[in-house]
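Visitor: Take a look at structure14.cif, mmCIF, N, CA and C atoms:
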data_start
loop_
_atom_site.label_atom_id
_atom_site.label_comp_id
_atom_site.auth_asym_id
_atom_site.auth_seq_id
_atom_site.Cartn_x
_atom_site.Cartn_y
_atom_site.Cartn_z
N MET L 1 13.54 43.99 -33.98
CA MET L 1 12.13 44.14 -33.67
C MET L 1 11.32 43.34 -34.68
N ALA L 2 10.33 42.62 -34.19
CA ALA L 2 9.52 41.75 -35.04
C ALA L 2 8.45 42.56 -35.75
N THR L 3 8.17 42.15 -36.95
CA THR L 3 7.12 42.83 -37.71
C THR L 3 5.76 42.31 -37.26
N LEU L 4 4.73 43.02 -37.66
CA LEU L 4 3.37 42.62 -37.29
C LEU L 4 3.04 41.23 -37.84
N GLY L 5 3.52 40.93 -39.03
CA GLY L 5 3.29 39.61 -39.63
C GLY L 5 3.94 38.49 -38.83
N GLN L 6 5.17 38.76 -38.33
CA GLN L 6 5.86 37.75 -37.54
C GLN L 6 5.16 37.54 -36.20
N VAL L 7 4.71 38.63 -35.60
CA VAL L 7 3.99 38.52 -34.33
C VAL L 7 2.70 37.74 -34.52
N ALA L 8 1.98 38.04 -35.60
CA ALA L 8 0.74 37.31 -35.89
C ALA L 8 1.02 35.84 -36.15
N ALA L 9 2.10 35.54 -36.87
CA ALA L 9 2.44 34.15 -37.15
C ALA L 9 2.83 33.42 -35.87
N ASP L 10 3.59 34.10 -35.00
CA ASP L 10 3.96 33.48 -33.72
C ASP L 10 2.73 33.23 -32.85
N LEU L 11 1.83 34.21 -32.83
CA LEU L 11 0.60 34.05 -32.05
C LEU L 11 -0.24 32.90 -32.59
N ALA L 12 -0.35 32.82 -33.91
CA ALA L 12 -1.10 31.72 -34.52
C ALA L 12 -0.45 30.38 -34.20
N ALA L 13 0.88 30.31 -34.23
CA ALA L 13 1.58 29.05 -33.92
C ALA L 13 1.35 28.66 -32.47
N GLN L 14 1.40 29.66 -31.56
CA GLN L 14 1.16 29.36 -30.14
C GLN L 14 -0.27 28.90 -29.91
N LEU L 15 -1.21 29.55 -30.56
CA LEU L 15 -2.61 29.14 -30.41
C LEU L 15 -2.84 27.74 -30.97
N ALA L 16 -2.21 27.43 -32.10
CA ALA L 16 -2.34 26.10 -32.69
C ALA L 16 -1.74 25.04 -31.76
N ALA L 17 -0.58 25.37 -31.17
CA ALA L 17 0.04 24.43 -30.24
C ALA L 17 -0.82 24.23 -29.01
N LEU L 18 -1.39 25.34 -28.50
CA LEU L 18 -2.27 25.27 -27.35
C LEU L 18 -3.51 24.43 -27.66
N LEU L 19 -4.09 24.66 -28.80
CA LEU L 19 -5.28 23.89 -29.19
C LEU L 19 -4.94 22.42 -29.37
N GLY L 20 -3.78 22.14 -29.96
CA GLY L 20 -3.36 20.73 -30.14
C GLY L 20 -3.19 20.04 -28.81
N THR L 21 -2.58 20.73 -27.85
CA THR L 21 -2.38 20.15 -26.52
C THR L 21 -3.72 19.89 -25.83
N ARG L 22 -4.62 20.84 -25.95
CA ARG L 22 -5.93 20.68 -25.31
C ARG L 22 -6.73 19.56 -25.97
N LEU L 23 -6.64 19.42 -27.28
CA LEU L 23 -7.34 18.32 -27.94
C LEU L 23 -6.75 16.97 -27.57
N GLU L 24 -5.44 16.93 -27.39
CA GLU L 24 -4.80 15.68 -26.95
C GLU L 24 -5.27 15.31 -25.55
N LEU L 25 -5.35 16.30 -24.66
CA LEU L 25 -5.86 16.07 -23.31
C LEU L 25 -7.30 15.58 -23.35
N LEU L 26 -8.11 16.20 -24.19
CA LEU L 26 -9.50 15.78 -24.33
C LEU L 26 -9.60 14.34 -24.83
N GLY L 27 -8.74 13.98 -25.77
CA GLY L 27 -8.72 12.60 -26.27
C GLY L 27 -8.35 11.60 -25.20
N LEU L 28 -7.35 11.95 -24.38
CA LEU L 28 -6.95 11.05 -23.29
C LEU L 28 -8.08 10.88 -22.28
N GLU L 29 -8.76 11.97 -21.98
CA GLU L 29 -9.88 11.88 -21.05
C GLU L 29 -11.03 11.07 -21.65
N ALA L 30 -11.24 11.19 -22.94
CA ALA L 30 -12.30 10.41 -23.58
C ALA L 30 -11.98 8.91 -23.49
N GLN L 31 -10.72 8.55 -23.66
CA GLN L 31 -10.33 7.14 -23.51
C GLN L 31 -10.55 6.67 -22.08
N ASP L 32 -10.23 7.52 -21.11
CA ASP L 32 -10.43 7.17 -19.71
C ASP L 32 -11.91 6.97 -19.40
N VAL L 33 -12.75 7.85 -19.91
CA VAL L 33 -14.19 7.73 -19.70
C VAL L 33 -14.71 6.44 -20.32
N ARG L 34 -14.23 6.12 -21.53
CA ARG L 34 -14.66 4.89 -22.19
C ARG L 34 -14.24 3.66 -21.38
N ASP L 35 -13.00 3.66 -20.88
CA ASP L 35 -12.52 2.52 -20.09
C ASP L 35 -13.33 2.35 -18.81
N ARG L 36 -13.61 3.46 -18.14
CA ARG L 36 -14.42 3.37 -16.92
C ARG L 36 -15.82 2.85 -17.23
N LEU L 37 -16.40 3.30 -18.32
CA LEU L 37 -17.74 2.86 -18.70
C LEU L 37 -17.75 1.36 -19.00
N LEU L 38 -16.74 0.88 -19.71
CA LEU L 38 -16.68 -0.55 -20.01
C LEU L 38 -16.51 -1.39 -18.74
N ARG L 39 -15.68 -0.90 -17.80
CA ARG L 39 -15.53 -1.62 -16.54
C ARG L 39 -16.84 -1.68 -15.77
N ARG L 40 -17.55 -0.57 -15.73
CA ARG L 40 -18.84 -0.54 -15.03
C ARG L 40 -19.84 -1.47 -15.70
N LEU L 41 -19.83 -1.49 -17.00
CA LEU L 41 -20.74 -2.36 -17.73
C LEU L 41 -20.43 -3.83 -17.44
N ALA L 42 -19.15 -4.18 -17.41
CA ALA L 42 -18.77 -5.56 -17.10
C ALA L 42 -19.20 -5.93 -15.68
N GLN L 43 -19.03 -5.01 -14.73
CA GLN L 43 -19.47 -5.29 -13.36
C GLN L 43 -20.97 -5.46 -13.29
N LEU L 44 -21.69 -4.63 -14.01
CA LEU L 44 -23.15 -4.73 -14.01
C LEU L 44 -23.61 -6.06 -14.59
N VAL L 45 -22.99 -6.49 -15.69
CA VAL L 45 -23.35 -7.77 -16.31
C VAL L 45 -23.05 -8.91 -15.35
N LEU L 46 -21.91 -8.86 -14.68
CA LEU L 46 -21.56 -9.91 -13.72
C LEU L 46 -22.56 -9.94 -12.56
N ALA L 47 -22.94 -8.78 -12.05
CA ALA L 47 -23.90 -8.73 -10.95
C ALA L 47 -25.25 -9.28 -11.37
N VAL L 48 -25.70 -8.92 -12.55
CA VAL L 48 -26.99 -9.43 -13.03
C VAL L 48 -26.93 -10.94 -13.22
N PHE L 49 -25.82 -11.43 -13.75
CA PHE L 49 -25.66 -12.88 -13.94
C PHE L 49 -25.69 -13.61 -12.61
N LEU L 50 -24.95 -13.11 -11.62
CA LEU L 50 -24.92 -13.79 -10.32
C LEU L 50 -26.27 -13.73 -9.62
N LEU L 51 -26.94 -12.61 -9.72
CA LEU L 51 -28.27 -12.53 -9.11
C LEU L 51 -29.28 -13.42 -9.84
N ALA L 52 -29.15 -13.57 -11.14
CA ALA L 52 -30.02 -14.48 -11.88
C ALA L 52 -29.76 -15.92 -11.47
N LEU L 53 -28.49 -16.26 -11.24
CA LEU L 53 -28.18 -17.60 -10.74
C LEU L 53 -28.80 -17.82 -9.36
N ALA L 54 -28.78 -16.80 -8.53
CA ALA L 54 -29.37 -16.93 -7.19
C ALA L 54 -30.87 -17.20 -7.30
N VAL L 55 -31.53 -16.51 -8.18
CA VAL L 55 -32.97 -16.74 -8.37
C VAL L 55 -33.22 -18.15 -8.91
N LEU L 56 -32.39 -18.56 -9.86
CA LEU L 56 -32.55 -19.91 -10.42
C LEU L 56 -32.35 -20.98 -9.35
N VAL L 57 -31.31 -20.84 -8.56
CA VAL L 57 -31.04 -21.85 -7.53
C VAL L 57 -32.12 -21.80 -6.45
N ALA L 58 -32.60 -20.62 -6.12
CA ALA L 58 -33.67 -20.52 -5.13
C ALA L 58 -34.93 -21.21 -5.65
N THR L 59 -35.20 -21.05 -6.92
CA THR L 59 -36.37 -21.71 -7.52
C THR L 59 -36.19 -23.23 -7.49
N LEU L 60 -35.00 -23.67 -7.83
CA LEU L 60 -34.75 -25.12 -7.76
C LEU L 60 -34.85 -25.63 -6.32
N THR L 61 -34.47 -24.80 -5.36
CA THR L 61 -34.56 -25.19 -3.96
C THR L 61 -36.01 -25.44 -3.56
N VAL L 62 -36.87 -24.55 -3.97
CA VAL L 62 -38.28 -24.73 -3.65
C VAL L 62 -38.82 -25.99 -4.32
N ALA L 63 -38.39 -26.20 -5.58
CA ALA L 63 -38.86 -27.39 -6.29
C ALA L 63 -38.35 -28.67 -5.64
N LEU L 64 -37.09 -28.62 -5.23
CA LEU L 64 -36.50 -29.83 -4.65
C LEU L 64 -36.85 -30.02 -3.18
N TYR L 65 -37.50 -29.05 -2.58
CA TYR L 65 -37.89 -29.16 -1.19
C TYR L 65 -38.81 -30.36 -0.97
N PHE L 66 -39.60 -30.60 -1.95
CA PHE L 66 -40.52 -31.74 -1.83
C PHE L 66 -39.90 -33.04 -2.28
N TRP L 67 -38.72 -33.01 -2.84
CA TRP L 67 -38.03 -34.21 -3.29
C TRP L 67 -37.42 -34.88 -2.05
N PRO L 68 -37.72 -36.14 -1.83
CA PRO L 68 -37.34 -36.78 -0.55
C PRO L 68 -35.87 -37.22 -0.49
N THR L 69 -34.94 -36.31 -0.62
CA THR L 69 -33.51 -36.65 -0.45
C THR L 69 -32.95 -35.76 0.65
N GLN L 70 -31.97 -36.30 1.33
CA GLN L 70 -31.47 -35.62 2.51
C GLN L 70 -30.40 -34.58 2.15
N HIS L 71 -30.52 -33.37 2.66
CA HIS L 71 -29.56 -32.26 2.57
C HIS L 71 -29.37 -31.66 1.17
N ARG L 72 -30.14 -32.04 0.19
CA ARG L 72 -30.00 -31.42 -1.13
C ARG L 72 -30.49 -29.99 -1.13
N TYR L 73 -31.60 -29.77 -0.51
CA TYR L 73 -32.14 -28.41 -0.53
C TYR L 73 -31.27 -27.47 0.33
N LEU L 74 -30.63 -28.00 1.37
CA LEU L 74 -29.73 -27.17 2.17
C LEU L 74 -28.54 -26.72 1.33
N ALA L 75 -27.98 -27.62 0.55
CA ALA L 75 -26.85 -27.27 -0.32
C ALA L 75 -27.27 -26.24 -1.36
N LEU L 76 -28.44 -26.44 -1.93
CA LEU L 76 -28.91 -25.49 -2.94
C LEU L 76 -29.21 -24.12 -2.32
N CYS L 77 -29.72 -24.12 -1.11
CA CYS L 77 -29.96 -22.84 -0.42
C CYS L 77 -28.64 -22.10 -0.16
N LEU L 78 -27.63 -22.84 0.25
CA LEU L 78 -26.34 -22.22 0.48
C LEU L 78 -25.74 -21.67 -0.82
N LEU L 79 -25.92 -22.39 -1.92
CA LEU L 79 -25.47 -21.88 -3.22
C LEU L 79 -26.21 -20.60 -3.60
N ALA L 80 -27.49 -20.59 -3.40
CA ALA L 80 -28.29 -19.41 -3.72
C ALA L 80 -27.84 -18.22 -2.88
N LEU L 81 -27.60 -18.45 -1.59
CA LEU L 81 -27.13 -17.37 -0.73
C LEU L 81 -25.74 -16.88 -1.15
N GLY L 82 -24.89 -17.81 -1.53
CA GLY L 82 -23.55 -17.43 -2.00
C GLY L 82 -23.60 -16.57 -3.25
N TYR L 83 -24.39 -16.99 -4.24
CA TYR L 83 -24.54 -16.21 -5.47
C TYR L 83 -25.15 -14.84 -5.17
N ALA L 84 -26.14 -14.82 -4.32
CA ALA L 84 -26.77 -13.54 -3.98
C ALA L 84 -25.78 -12.61 -3.28
N ALA L 85 -24.98 -13.15 -2.39
CA ALA L 85 -23.99 -12.33 -1.69
C ALA L 85 -22.95 -11.78 -2.66
N LEU L 86 -22.47 -12.63 -3.58
CA LEU L 86 -21.50 -12.16 -4.57
C LEU L 86 -22.10 -11.08 -5.47
N GLY L 87 -23.32 -11.28 -5.89
CA GLY L 87 -23.98 -10.28 -6.73
C GLY L 87 -24.17 -8.97 -5.99
N ALA L 88 -24.53 -9.05 -4.72
CA ALA L 88 -24.72 -7.83 -3.92
C ALA L 88 -23.39 -7.10 -3.71
N VAL L 89 -22.32 -7.83 -3.49
CA VAL L 89 -21.00 -7.20 -3.32
C VAL L 89 -20.59 -6.48 -4.60
N VAL L 90 -20.78 -7.12 -5.73
CA VAL L 90 -20.43 -6.49 -7.01
C VAL L 90 -21.27 -5.22 -7.23
N LEU L 91 -22.56 -5.28 -6.91
CA LEU L 91 -23.41 -4.11 -7.07
C LEU L 91 -23.00 -2.98 -6.12
N VAL L 92 -22.65 -3.29 -4.90
CA VAL L 92 -22.22 -2.27 -3.95
C VAL L 92 -20.92 -1.62 -4.43
N CYS L 93 -19.98 -2.42 -4.92
CA CYS L 93 -18.74 -1.86 -5.46
C CYS L 93 -19.01 -0.97 -6.66
N LEU L 94 -19.90 -1.39 -7.52
CA LEU L 94 -20.26 -0.61 -8.69
C LEU L 94 -20.88 0.73 -8.30
N LEU L 95 -21.82 0.70 -7.37
CA LEU L 95 -22.47 1.93 -6.93
C LEU L 95 -21.50 2.87 -6.23
N ARG L 96 -20.60 2.33 -5.43
CA ARG L 96 -19.61 3.15 -4.75
C ARG L 96 -18.68 3.83 -5.75
N ARG L 97 -18.24 3.10 -6.76
CA ARG L 97 -17.36 3.69 -7.78
C ARG L 97 -18.09 4.72 -8.61
N LEU L 98 -19.36 4.49 -8.90
CA LEU L 98 -20.12 5.46 -9.67
C LEU L 98 -20.29 6.76 -8.90
N LYS L 99 -20.42 6.67 -7.58
CA LYS L 99 -20.58 7.88 -6.76
C LYS L 99 -19.28 8.65 -6.61
N THR L 100 -18.14 7.96 -6.61
CA THR L 100 -16.87 8.61 -6.34
C THR L 100 -16.11 9.01 -7.60
N ASP L 101 -16.51 8.54 -8.77
CA ASP L 101 -15.80 8.90 -9.99
C ASP L 101 -15.94 10.39 -10.27
N PRO L 102 -14.86 11.00 -10.77
CA PRO L 102 -14.97 12.41 -11.14
C PRO L 102 -15.83 12.55 -12.39
N PRO L 103 -16.39 13.73 -12.61
CA PRO L 103 -17.19 13.92 -13.82
C PRO L 103 -16.31 13.80 -15.06
N PRO L 104 -16.88 13.37 -16.18
CA PRO L 104 -16.08 13.24 -17.39
C PRO L 104 -15.53 14.60 -17.83
N PHE L 105 -14.31 14.59 -18.31
CA PHE L 105 -13.65 15.76 -18.88
C PHE L 105 -13.44 16.89 -17.86
N ALA L 106 -13.34 16.57 -16.58
CA ALA L 106 -13.15 17.58 -15.55
C ALA L 106 -11.79 18.27 -15.71
N VAL L 107 -10.75 17.51 -16.04
CA VAL L 107 -9.42 18.09 -16.20
C VAL L 107 -9.40 19.04 -17.39
N SER L 108 -10.02 18.64 -18.50
CA SER L 108 -10.06 19.51 -19.67
C SER L 108 -10.80 20.80 -19.37
N ALA L 109 -11.90 20.71 -18.65
CA ALA L 109 -12.66 21.91 -18.30
C ALA L 109 -11.82 22.83 -17.42
N GLN L 110 -11.09 22.27 -16.47
CA GLN L 110 -10.25 23.07 -15.59
C GLN L 110 -9.13 23.75 -16.37
N VAL L 111 -8.49 23.03 -17.27
CA VAL L 111 -7.40 23.61 -18.06
C VAL L 111 -7.93 24.70 -18.99
N LEU L 112 -9.09 24.49 -19.57
CA LEU L 112 -9.66 25.51 -20.45
C LEU L 112 -10.04 26.76 -19.64
N GLN L 113 -10.50 26.60 -18.41
CA GLN L 113 -10.78 27.76 -17.56
C GLN L 113 -9.49 28.51 -17.24
N GLN L 114 -8.41 27.78 -16.98
CA GLN L 114 -7.13 28.43 -16.73
C GLN L 114 -6.66 29.17 -17.97
N ASP L 115 -6.87 28.60 -19.14
CA ASP L 115 -6.51 29.27 -20.38
C ASP L 115 -7.30 30.56 -20.55
N ALA L 116 -8.59 30.50 -20.26
CA ALA L 116 -9.43 31.69 -20.40
C ALA L 116 -8.96 32.78 -19.44
N GLN L 117 -8.59 32.41 -18.21
CA GLN L 117 -8.10 33.39 -17.25
C GLN L 117 -6.76 33.97 -17.70
N ALA L 118 -5.92 33.14 -18.32
CA ALA L 118 -4.63 33.62 -18.79
C ALA L 118 -4.81 34.65 -19.92
N PHE L 119 -5.81 34.46 -20.75
CA PHE L 119 -6.07 35.41 -21.83
C PHE L 119 -6.66 36.71 -21.28
N LYS L 120 -7.38 36.65 -20.17
CA LYS L 120 -8.00 37.84 -19.60
C LYS L 120 -7.00 38.68 -18.82
N LYS L 121 -5.94 38.07 -18.28
CA LYS L 121 -4.97 38.79 -17.46
C LYS L 121 -4.14 39.73 -18.31
N PRO L 122 -3.96 40.97 -17.86
CA PRO L 122 -3.04 41.86 -18.56
C PRO L 122 -1.60 41.48 -18.22
N ALA L 123 -0.69 41.81 -19.09
CA ALA L 123 0.72 41.51 -18.84
C ALA L 123 1.17 42.27 -17.61
N ALA L 124 1.73 41.60 -16.65
CA ALA L 124 2.07 42.20 -15.35
C ALA L 124 3.53 42.62 -15.30
N GLY L 125 3.94 43.50 -16.14
CA GLY L 125 5.28 44.08 -16.07
C GLY L 125 6.40 43.18 -16.53
N SER L 126 6.14 41.92 -16.78
CA SER L 126 7.21 41.04 -17.23
C SER L 126 7.01 40.74 -18.70
N ALA L 127 8.10 40.43 -19.36
CA ALA L 127 8.04 40.15 -20.79
C ALA L 127 7.61 38.72 -21.05
N THR L 128 7.56 37.91 -20.04
CA THR L 128 7.20 36.50 -20.22
C THR L 128 5.70 36.35 -20.09
N SER L 129 5.07 35.76 -21.09
CA SER L 129 3.63 35.53 -21.04
C SER L 129 3.35 34.20 -20.36
N ASP L 130 2.08 33.93 -20.09
CA ASP L 130 1.70 32.66 -19.46
C ASP L 130 1.96 31.48 -20.37
N PHE L 131 2.04 31.72 -21.69
CA PHE L 131 2.31 30.62 -22.62
C PHE L 131 3.73 30.12 -22.46
N ASN L 132 4.62 30.97 -21.90
CA ASN L 132 6.02 30.58 -21.74
C ASN L 132 6.31 30.15 -20.31
N ARG L 133 5.30 29.78 -19.57
CA ARG L 133 5.49 29.31 -18.20
C ARG L 133 5.23 27.80 -18.15
N ALA L 134 6.09 27.14 -17.40
CA ALA L 134 5.91 25.71 -17.17
C ALA L 134 4.78 25.54 -16.15
N PRO L 135 4.21 24.33 -16.03
CA PRO L 135 3.13 24.11 -15.06
C PRO L 135 3.52 24.45 -13.63
N ASP L 136 4.83 24.37 -13.29
CA ASP L 136 5.24 24.70 -11.93
C ASP L 136 5.47 26.20 -11.73
N GLY L 137 5.24 27.04 -12.77
CA GLY L 137 5.34 28.48 -12.66
C GLY L 137 6.68 29.05 -13.07
N THR L 138 7.67 28.20 -13.40
CA THR L 138 8.97 28.70 -13.81
C THR L 138 8.92 29.13 -15.27
N ASP L 139 9.81 30.07 -15.63
CA ASP L 139 9.85 30.55 -17.01
C ASP L 139 10.49 29.52 -17.91
N MET L 140 9.93 29.39 -19.11
CA MET L 140 10.49 28.51 -20.13
C MET L 140 11.21 29.38 -21.15
N PRO L 141 12.20 28.84 -21.87
CA PRO L 141 12.91 29.65 -22.86
C PRO L 141 11.97 30.06 -23.99
N ASP L 142 12.23 31.25 -24.56
CA ASP L 142 11.39 31.76 -25.64
C ASP L 142 11.64 31.03 -26.94
N GLU L 143 12.86 30.58 -27.16
CA GLU L 143 13.13 29.97 -28.46
C GLU L 143 12.74 28.49 -28.46
N ASP L 144 12.54 27.98 -29.64
CA ASP L 144 12.16 26.59 -29.84
C ASP L 144 13.43 25.75 -29.83
N PRO L 145 13.60 24.80 -28.90
CA PRO L 145 14.83 24.01 -28.84
C PRO L 145 15.00 23.09 -30.05
N PHE L 146 13.94 22.84 -30.80
CA PHE L 146 14.02 21.95 -31.93
C PHE L 146 14.13 22.70 -33.26
N ARG L 147 14.20 24.02 -33.22
CA ARG L 147 14.29 24.83 -34.44
C ARG L 147 15.60 24.50 -35.15
N GLY L 148 15.51 24.27 -36.42
CA GLY L 148 16.70 23.99 -37.22
C GLY L 148 17.14 22.55 -37.20
N MET L 149 16.38 21.67 -36.57
CA MET L 149 16.77 20.26 -36.48
C MET L 149 16.09 19.40 -37.54
N SER L 150 15.31 20.00 -38.43
CA SER L 150 14.58 19.18 -39.40
C SER L 150 15.40 18.87 -40.61
#
Produce structure tokens that represent the structure in this file.
Guide:
Amino acid sequence: MATLGQVAADLAAQLAALLGTRLELLGLEAQDVRDRLLRRLAQLVLAVFLLALAVLVATLTVALYFWPTQHRYLALCLLALGYAALGAVVLVCLLRRLKTDPPPFAVSAQVLQQDAQAFKKPAAGSATSDFNRAPDGTDMPDEDPFRGMS
């Protein structure tokens, strides 16, 4: 039979392991949020650049409209339309991804809610706690497989 000190030490070790796992998950999600933000920023910069080129070429088209050369303004108009279309496509893709992305740290929030529910549940007749359950619901061994390997 374990003493109160051993039970407290085991509980503290389990809580520390749980907290470490949750902080690692939070760190991974923070990296994912940062990567998504950088991708969106790059798309936004590209869209602004292409739309600025469209405005520039459209301005040159108006200026060259009075220049007496054949088909120059038609080519510049086509360039302006091409840049504008590319910029619009990039913006539409950006807006669609922004609408469909999950909220930041959604997985961490869900796991923390599951942890809170696990702490609220009374032990249901079995000696195995939720801390000793694998994500698929199967029981995990009580002992540490790496104990004594240091």
Visitor: Select, from L:Ala12, L:Ala88, L:Leu81, L:Leu112, the residue with the minimum atom-to-atom distance to L:Leu56, counting only C-alpha atoms.
Guide: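 Counting only C-alpha atoms, the residue closest to L:Leu56 is L:Leu81.
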Visitor: How would you write, as a list in words, the residues chosen by the PyMOL selection byres ((chain L and resi 50) around 8) on this structure?
Guide: Leu44, Val45, Leu46, Ala47, Val48, Phe49, Leu51, Ala52, Leu53, Ala54, Val55, Leu56, Gly82, Tyr83, Ala84, Ala85, Leu86, Gly87 and Ala88 of chain L
Visitor: Give me, please, the distance in Å between atom C of L:Arg97 and atom C of L:Gln114, quoted to one decimal.
Guide: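 Taking atom C of L:Arg97 as the start and atom C of L:Gln114 as the end point, the length is 28.6 Å.
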Visitor: One decimal, in Å: what's the spacing between atom C of L:Gln43 and atom CA of L:Leu91?
Guide: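 These atoms are spaced 6.8 Å apart.
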Visitor: Please return, as a PyMOL selection string, all residues of stretch 46-132 of chain L that DSSP assigns to helix (DSSP H, G or I) on the basis of the backbone.
Guide: chain L and resi 46-65+72-100+106-120+130-132
Visitor: Work out how far apart atom C of L:Ala116 and atom C of L:Leu18 are and give it in Å to one decimal.
Guide: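 Result for atom C of L:Ala116 versus atom C of L:Leu18: 12.9 Å, one decimal.
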Visitor: Residues at most 12 Å from L:Val111, counting only C-alpha atoms, excluding those fewer than 6 positions away in the same chain, as an mmCIF file with N, CA and C atoms, in the coordinates of the input?
Guide:
data_model
loop_
_atom_site.group_PDB
_atom_site.id
_atom_site.type_symbol
_atom_site.label_atom_id
_atom_site.label_comp_id
_atom_site.auth_asym_id
_atom_site.auth_seq_id
_atom_site.Cartn_x
_atom_site.Cartn_y
_atom_site.Cartn_z
ATOM 1 N N LEU L 18 -1.390 25.340 -28.500
ATOM 2 C CA LEU L 18 -2.270 25.270 -27.350
ATOM 3 C C LEU L 18 -3.510 24.430 -27.660
ATOM 4 N N LEU L 19 -4.090 24.660 -28.800
ATOM 5 C CA LEU L 19 -5.280 23.890 -29.190
ATOM 6 C C LEU L 19 -4.940 22.420 -29.370
ATOM 7 N N THR L 21 -2.580 20.730 -27.850
ATOM 8 C CA THR L 21 -2.380 20.150 -26.520
ATOM 9 C C THR L 21 -3.720 19.890 -25.830
ATOM 10 N N ARG L 22 -4.620 20.840 -25.950
ATOM 11 C CA ARG L 22 -5.930 20.680 -25.310
ATOM 12 C C ARG L 22 -6.730 19.560 -25.970
ATOM 13 N N LEU L 23 -6.640 19.420 -27.280
ATOM 14 C CA LEU L 23 -7.340 18.320 -27.940
ATOM 15 C C LEU L 23 -6.750 16.970 -27.570
ATOM 16 N N LEU L 25 -5.350 16.300 -24.660
ATOM 17 C CA LEU L 25 -5.860 16.070 -23.310
ATOM 18 C C LEU L 25 -7.300 15.580 -23.350
ATOM 19 N N LEU L 26 -8.110 16.200 -24.190
ATOM 20 C CA LEU L 26 -9.500 15.780 -24.330
ATOM 21 C C LEU L 26 -9.600 14.340 -24.830
ATOM 22 N N PHE L 105 -14.310 14.590 -18.310
ATOM 23 C CA PHE L 105 -13.650 15.760 -18.880
ATOM 24 C C PHE L 105 -13.440 16.890 -17.860
ATOM 25 N N GLN L 117 -8.590 32.410 -18.210
ATOM 26 C CA GLN L 117 -8.100 33.390 -17.250
ATOM 27 C C GLN L 117 -6.760 33.970 -17.700
ATOM 28 N N ALA L 118 -5.920 33.140 -18.320
ATOM 29 C CA ALA L 118 -4.630 33.620 -18.790
ATOM 30 C C ALA L 118 -4.810 34.650 -19.920
ATOM 31 N N PRO L 135 4.210 24.330 -16.030
ATOM 32 C CA PRO L 135 3.130 24.110 -15.060
ATOM 33 C C PRO L 135 3.520 24.450 -13.630
#
Visitor: Apply the PyMOL selection byres (((chain L and resi 29-35 and name CA) around 9) and name CA) to the displayed file and report the matching residues as an MDAnalysis selection string.
Guide: chainID L and resid 24:28 36:40 104:108
Visitor: Which centre and edge lengths in Å to one decimal define the box along x, y and z that fits every listed atom of stretch 44-50 of chain L plus 8 Å per side, as lines of an AutoDock Vina configuration file?
Guide:
center_x = -24.3
center_y = -9.2
center_z = -13.0
size_x = 21.4
size_y = 25.2
size_z = 22.7
